[in-house]
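*Asks:* Please read through the structure below; I'll follow up with questions.
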Amino acid sequence: MKEIINSLKGDKVIWAFIALLALFSFMSVYSASSNLAYMRHGSGNALTYLLKHAIQVFLGFIIIYKIHKVPYHYFRALSLIALPFIWVLLVYTLFKGTVIEGANASRWVEIPFIGISFQTSTLAAIVLYVYVARYLSKKREEKVTFQASFIELWIPVFITLALILPANFSTAALIFSMVIMLTFIGQYPIKYIGIIIGTGIAALVLFVLVVIAFPDAFRNRVDTWKNRIENFTSDKPGEDDYQIKNAKIAIASGGLYGLGPGKSVQKNFLPQSSSDFIFAIIVEEYGLLGALTVLGLYLLLLFRFVVAAHKANSLFGKLLVVGLGFPIVFQALINMAVAVELLPVTGQTLPLISSGGSSIWMTCIAIGIILSVTKKDEEIAQELEEKQKRDEALQKLIDKQLQEDEEGSEVEEDDFSITENPLKAVQNKK
């Protein structure tokens, strides 16, 4: 075990927070999955779901370990190569969305021969963040013009968002917000950022008008997120109201200390109790103290991401940590805000806690890249420390040699001169 821990590179604090969140997820998923076990198998035994979640988390940590061994500057070129592939994948997902639980979920695509479905927009977000970080770090010392940056930076961004928006508005909005934040941190001209924000809002309004004018042209998820926004802003009852109502009942039932692990009642009524609304189950079982503990872990992780970004020795590394780390925490905050009805239902999971292999694995890819950045800094610090030790050892050898030379010179300076005539003894003999 000690050897495994020693083989882990990168920021050990980030490793610790990720491990804590993963460990906490076992209790939450095991409890919240009992209603799924009852509906699908006729019993409340959720052991199968716990084992499935354990395998998914285990594979996720393998992904983190493998990726964090790769030097992070390799991802600079990979983002450029992967972006066109991502566009093809998003187009395929948009028109050939997988049917999950009888509902058309055009956010998902199923991997052939394996049978695993994953959300392509999350993979697209990771690739896009790396691509934006690559552009900003490359253009750091150059004078940026709006026309050139619009072609090289914003056209790829808008193409990606346009392919995600019809199926997943919340993810598209989160990605756009993170890209704007990245450009601001990367010192992209603020006046250009203002133009892009205005363009993005205008494009969204135009898209909504087109959806209203031609409702049959955009099916599947467009109706879902449009109805969610309408239900949130009005008193019209809907399916989301049923979920929010039960989530709020669960939160109110938790009190300060909660009902206890596994004693949730509302998990039997919440359709997404182990994924989208798992935070409500956590509050019900562990109370306000449990909720604040989970929130505190995410905020501490955010703080550690800030520290890692500050320590990164290159602008590309800093932007990678911010672009890949901040969305994890913001997604968690969005999930919590939905549970207390501060935001409309978005479908965003609680990172590293909610069940679902694809969401866990995509989060682990992002964390692996972040740890690769911190590993680079760690290696540099280790090399500097070793160099300092070598310099000190070399200096000791030099000092020792100089001391020996000084002692030798003192011996040579002793008086061995001949004061008497060497022939005097012969003369006296005569």
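Ligands are numbered from 1 in the order shown, chains are lettered A, B, ... in the order of the structure tokens, and residues start at 1 in each chain.
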Range 43-221 of chain A: which residues are strand (DSSP E) by DSSP, as a PDB file with N, CA and C atoms, in the first residue's frame?
*Replies:*
```pdb
ATOM      1  N   THR A  98     -29.235   7.804 -28.009  1.00  0.00           N
ATOM      2  CA  THR A  98     -29.621   6.527 -27.444  1.00  0.00           C
ATOM      3  C   THR A  98     -30.895   6.666 -26.614  1.00  0.00           C
ATOM      4  N   VAL A  99     -31.749   5.670 -26.677  1.00  0.00           N
ATOM      5  CA  VAL A  99     -32.948   5.633 -25.862  1.00  0.00           C
ATOM      6  C   VAL A  99     -32.611   4.988 -24.526  1.00  0.00           C
ATOM      7  N   ILE A 100     -32.788   5.735 -23.442  1.00  0.00           N
ATOM      8  CA  ILE A 100     -32.470   5.254 -22.102  1.00  0.00           C
ATOM      9  C   ILE A 100     -33.733   5.288 -21.255  1.00  0.00           C
ATOM     10  N   ALA A 103     -36.945   6.804 -22.749  1.00  0.00           N
ATOM     11  CA  ALA A 103     -36.985   8.223 -23.137  1.00  0.00           C
ATOM     12  C   ALA A 103     -35.857   8.512 -24.092  1.00  0.00           C
ATOM     13  N   ASN A 104     -36.110   9.374 -25.045  1.00  0.00           N
ATOM     14  CA  ASN A 104     -35.072   9.739 -25.992  1.00  0.00           C
ATOM     15  C   ASN A 104     -34.067  10.637 -25.306  1.00  0.00           C
ATOM     16  N   ALA A 105     -32.863  10.170 -25.208  1.00  0.00           N
ATOM     17  CA  ALA A 105     -31.817  10.951 -24.552  1.00  0.00           C
ATOM     18  C   ALA A 105     -30.740  11.251 -25.575  1.00  0.00           C
ATOM     19  N   TRP A 108     -26.752  11.232 -25.272  1.00  0.00           N
ATOM     20  CA  TRP A 108     -25.963  10.034 -25.020  1.00  0.00           C
ATOM     21  C   TRP A 108     -25.696   9.271 -26.305  1.00  0.00           C
ATOM     22  N   VAL A 109     -24.585   8.563 -26.323  1.00  0.00           N
ATOM     23  CA  VAL A 109     -24.265   7.672 -27.440  1.00  0.00           C
ATOM     24  C   VAL A 109     -23.730   6.377 -26.848  1.00  0.00           C
ATOM     25  N   GLU A 110     -24.077   5.270 -27.477  1.00  0.00           N
ATOM     26  CA  GLU A 110     -23.669   3.968 -26.971  1.00  0.00           C
ATOM     27  C   GLU A 110     -22.461   3.463 -27.731  1.00  0.00           C
ATOM     28  N   SER A 117     -23.089   3.516 -22.439  1.00  0.00           N
ATOM     29  CA  SER A 117     -23.507   4.815 -22.967  1.00  0.00           C
ATOM     30  C   SER A 117     -22.775   5.923 -22.225  1.00  0.00           C
ATOM     31  N   PHE A 118     -22.398   6.959 -22.943  1.00  0.00           N
ATOM     32  CA  PHE A 118     -21.753   8.088 -22.299  1.00  0.00           C
ATOM     33  C   PHE A 118     -22.212   9.381 -22.942  1.00  0.00           C
ATOM     34  N   GLN A 119     -22.073  10.445 -22.190  1.00  0.00           N
ATOM     35  CA  GLN A 119     -22.524  11.765 -22.619  1.00  0.00           C
ATOM     36  C   GLN A 119     -21.398  12.451 -23.364  1.00  0.00           C
TER      37      GLN A 119
END
```
*Asks:* Tell me which of A:Gln403, A:Leu94, A:Lys267, A:Leu206 sits closest to Ala37 in chain A, counting only C-alpha atoms.
*Replies:*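 The shortest atom-to-atom distance to Ala37 in chain A comes from A:Lys267.
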*Asks:* With a distance cut-off of 10 Å and only C-alpha atoms, select the neighbouring residues of Val307 in chain A, excluding the residue or stretch itself and same-chain residues fewer than 6 positions from it, and output the selection as a ChimeraX atom specification.
*Replies:* /A:11,301,318,321,374
*Asks:* Just write the chosen residues, C-alpha atoms, as a PDB file, in the first residue's frame.
*Replies:*
```pdb
ATOM      1  CA  ASP A  11      -0.708  17.312  -5.671  1.00  0.00           C
ATOM      2  CA  LEU A 301     -11.005  21.302  -3.785  1.00  0.00           C
ATOM      3  CA  LYS A 318      -2.443  27.461 -15.281  1.00  0.00           C
ATOM      4  CA  VAL A 321      -6.060  23.665 -14.085  1.00  0.00           C
ATOM      5  CA  THR A 374       0.924  19.534 -10.614  1.00  0.00           C
TER       6      THR A 374
END
```
*Asks:* Using only C-alpha atoms, which of the listed residues (A:Leu350, A:Gly323, A:Gln272, A:Ser359) sits closest to Tyr298 in chain A?
*Replies:* A:Leu350
*Asks:* As JSON, numbers by chain, which residues of range 180-418 of chain A does DSSP assign to helix (DSSP H, G or I)?
*Replies:* {"A": [180, 181, 182, 183, 184, 185, 190, 191, 192, 193, 194, 195, 196, 197, 198, 199, 200, 201, 202, 203, 204, 205, 206, 207, 208, 209, 210, 211, 212, 213, 215, 216, 217, 221, 222, 223, 224, 225, 226, 227, 228, 229, 230, 231, 232, 233, 239, 240, 241, 242, 243, 244, 245, 246, 247, 248, 249, 250, 251, 252, 253, 254, 266, 267, 268, 278, 279, 280, 281, 282, 283, 284, 285, 286, 287, 288, 289, 290, 291, 292, 293, 294, 295, 296, 297, 298, 299, 300, 301, 302, 303, 304, 305, 306, 307, 308, 309, 310, 311, 315, 316, 317, 318, 319, 320, 321, 322, 323, 324, 325, 326, 327, 328, 329, 330, 331, 332, 333, 334, 335, 336, 337, 338, 339, 357, 358, 359, 360, 361, 362, 363, 364, 365, 366, 367, 368, 369, 370, 371, 372, 373, 374, 375, 376, 377, 378, 379, 380, 381, 382, 383, 384, 385, 386, 387, 388, 389, 390, 391, 392, 393, 394, 395, 396, 397, 398, 399, 400, 401, 402, 403, 404, 405, 406, 407, 408, 409, 410, 411, 412]}
*Asks:* Give me the residues within 10 Å of range 353-356 of chain A as a CSV table (one decimal) with N, CA and C atoms, in the first residue's frame, counting only C-alpha atoms and dropping any in the same chain fewer than 2 places off.
*Replies:*
```csv
chain,number,residue,atom,x,y,z
A,18,ILE,N,-10.2,13.9,-3.7
A,18,ILE,CA,-10.9,13.0,-4.6
A,18,ILE,C,-11.2,11.7,-4.0
A,20,LEU,N,-11.7,11.1,-0.8
A,20,LEU,CA,-12.8,11.3,0.2
A,20,LEU,C,-14.1,11.4,-0.4
A,21,LEU,N,-14.2,12.1,-1.5
A,21,LEU,CA,-15.5,12.2,-2.2
A,21,LEU,C,-15.9,10.8,-2.8
A,22,ALA,N,-14.9,10.1,-3.3
A,22,ALA,CA,-15.3,8.8,-3.8
A,22,ALA,C,-15.7,7.8,-2.7
A,23,LEU,N,-15.1,7.9,-1.6
A,23,LEU,CA,-15.5,7.0,-0.4
A,23,LEU,C,-16.9,7.3,0.1
A,24,PHE,N,-17.1,8.6,0.1
A,24,PHE,CA,-18.5,9.1,0.6
A,24,PHE,C,-19.5,8.6,-0.4
A,25,SER,N,-19.2,8.5,-1.7
A,25,SER,CA,-20.2,8.2,-2.7
A,25,SER,C,-20.7,6.8,-2.5
A,26,PHE,N,-19.9,5.9,-1.9
A,26,PHE,CA,-20.4,4.5,-1.8
A,26,PHE,C,-21.6,4.4,-0.8
A,27,MET,N,-21.5,5.1,0.3
A,27,MET,CA,-22.7,5.1,1.2
A,27,MET,C,-23.9,5.8,0.6
A,28,SER,N,-23.7,6.9,-0.1
A,28,SER,CA,-24.8,7.6,-0.7
A,28,SER,C,-25.5,6.8,-1.9
A,29,VAL,N,-24.7,6.2,-2.7
A,29,VAL,CA,-25.2,5.5,-3.9
A,29,VAL,C,-25.9,4.2,-3.4
A,30,TYR,N,-25.3,3.5,-2.4
A,30,TYR,CA,-25.8,2.3,-1.9
A,30,TYR,C,-27.2,2.5,-1.3
A,32,ALA,N,-29.2,5.3,-1.9
A,32,ALA,CA,-30.2,5.9,-2.9
A,32,ALA,C,-30.6,4.9,-4.0
A,33,SER,N,-29.9,3.8,-4.2
A,33,SER,CA,-30.2,2.9,-5.3
A,33,SER,C,-31.2,1.8,-4.9
A,49,TYR,N,-25.9,-2.6,-7.4
A,49,TYR,CA,-25.6,-1.2,-7.8
A,49,TYR,C,-24.4,-0.7,-7.1
A,50,LEU,N,-24.2,-1.2,-5.9
A,50,LEU,CA,-23.0,-0.8,-5.1
A,50,LEU,C,-21.7,-1.4,-5.8
A,52,LYS,N,-21.4,-2.3,-8.9
A,52,LYS,CA,-21.3,-1.6,-10.2
A,52,LYS,C,-20.6,-0.2,-10.0
A,53,HIS,N,-21.1,0.5,-9.0
A,53,HIS,CA,-20.5,1.8,-8.7
A,53,HIS,C,-19.0,1.7,-8.3
A,54,ALA,N,-18.7,0.6,-7.5
A,54,ALA,CA,-17.3,0.4,-7.1
A,54,ALA,C,-16.4,0.1,-8.3
A,56,GLN,N,-16.9,1.2,-11.3
A,56,GLN,CA,-16.8,2.4,-12.1
A,56,GLN,C,-15.8,3.4,-11.4
A,57,VAL,N,-15.9,3.5,-10.1
A,57,VAL,CA,-14.9,4.3,-9.4
A,57,VAL,C,-13.5,3.8,-9.5
A,117,SER,N,-23.1,3.5,-22.4
A,117,SER,CA,-23.5,4.8,-23.0
A,117,SER,C,-22.8,5.9,-22.2
A,118,PHE,N,-22.4,7.0,-22.9
A,118,PHE,CA,-21.8,8.1,-22.3
A,118,PHE,C,-22.2,9.4,-22.9
A,272,GLN,N,-34.6,10.1,-9.8
A,272,GLN,CA,-33.2,10.2,-10.0
A,272,GLN,C,-32.4,10.4,-8.7
A,273,SER,N,-32.8,9.5,-7.7
A,273,SER,CA,-32.3,9.7,-6.3
A,273,SER,C,-30.8,9.4,-6.2
A,274,SER,N,-30.3,8.5,-7.1
A,274,SER,CA,-28.9,8.1,-7.1
A,274,SER,C,-28.0,8.9,-8.0
A,275,SER,N,-28.6,9.9,-8.8
A,275,SER,CA,-27.8,10.6,-9.7
A,275,SER,C,-28.0,12.1,-9.6
A,276,ASP,N,-29.1,12.6,-10.3
A,276,ASP,CA,-29.3,14.1,-10.3
A,276,ASP,C,-29.7,14.7,-9.0
A,277,PHE,N,-30.4,13.9,-8.1
A,277,PHE,CA,-30.9,14.4,-6.9
A,277,PHE,C,-30.3,13.7,-5.7
A,278,ILE,N,-29.1,13.2,-5.8
A,278,ILE,CA,-28.5,12.5,-4.7
A,278,ILE,C,-28.1,13.4,-3.6
A,279,PHE,N,-28.0,14.7,-3.9
A,279,PHE,CA,-27.7,15.7,-2.8
A,279,PHE,C,-28.8,15.8,-1.8
A,294,VAL,N,-20.0,18.0,2.6
A,294,VAL,CA,-19.9,17.8,1.2
A,294,VAL,C,-19.5,19.1,0.5
A,332,ALA,N,-20.9,20.9,-9.3
A,332,ALA,CA,-21.4,20.4,-8.0
A,332,ALA,C,-22.3,21.5,-7.4
A,348,GLN,N,-27.5,17.9,-14.3
A,348,GLN,CA,-26.1,17.9,-14.0
A,348,GLN,C,-25.9,17.0,-12.7
A,349,THR,N,-25.0,16.1,-12.8
A,349,THR,CA,-24.8,15.2,-11.6
A,349,THR,C,-23.9,15.8,-10.6
A,350,LEU,N,-23.7,15.2,-9.5
A,350,LEU,CA,-22.8,15.6,-8.4
A,350,LEU,C,-21.5,14.9,-8.7
A,351,PRO,N,-20.5,15.6,-9.1
A,351,PRO,CA,-19.2,15.0,-9.6
A,351,PRO,C,-18.6,14.0,-8.5
A,358,SER,N,-20.0,7.0,-17.0
A,358,SER,CA,-19.5,8.0,-17.9
A,358,SER,C,-19.2,9.3,-17.3
A,359,SER,N,-20.1,9.8,-16.4
A,359,SER,CA,-19.8,11.1,-15.7
A,359,SER,C,-18.6,11.0,-14.8
A,360,ILE,N,-18.5,9.8,-14.1
A,360,ILE,CA,-17.3,9.6,-13.3
A,360,ILE,C,-16.0,9.6,-14.1
A,361,TRP,N,-16.1,8.9,-15.2
A,361,TRP,CA,-14.8,8.7,-16.0
A,361,TRP,C,-14.4,10.0,-16.6
```
*Asks:* Could you check which of A:Asn268, A:Lys311, A:Leu302, A:Ala247 is closest to Ile328 in chain A, using only C-alpha atoms?
*Replies:*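 Looking only at the distances to Ile328 in chain A, the closest residue turns out to be A:Leu302.
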*Asks:* Calculate how many Å separate CA of Glu404 in chain A from CA of Lys389 in chain A, rounding to one decimal.
*Replies:*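 Between CA of Glu404 in chain A and CA of Lys389 in chain A the gap is 22.6 Å.
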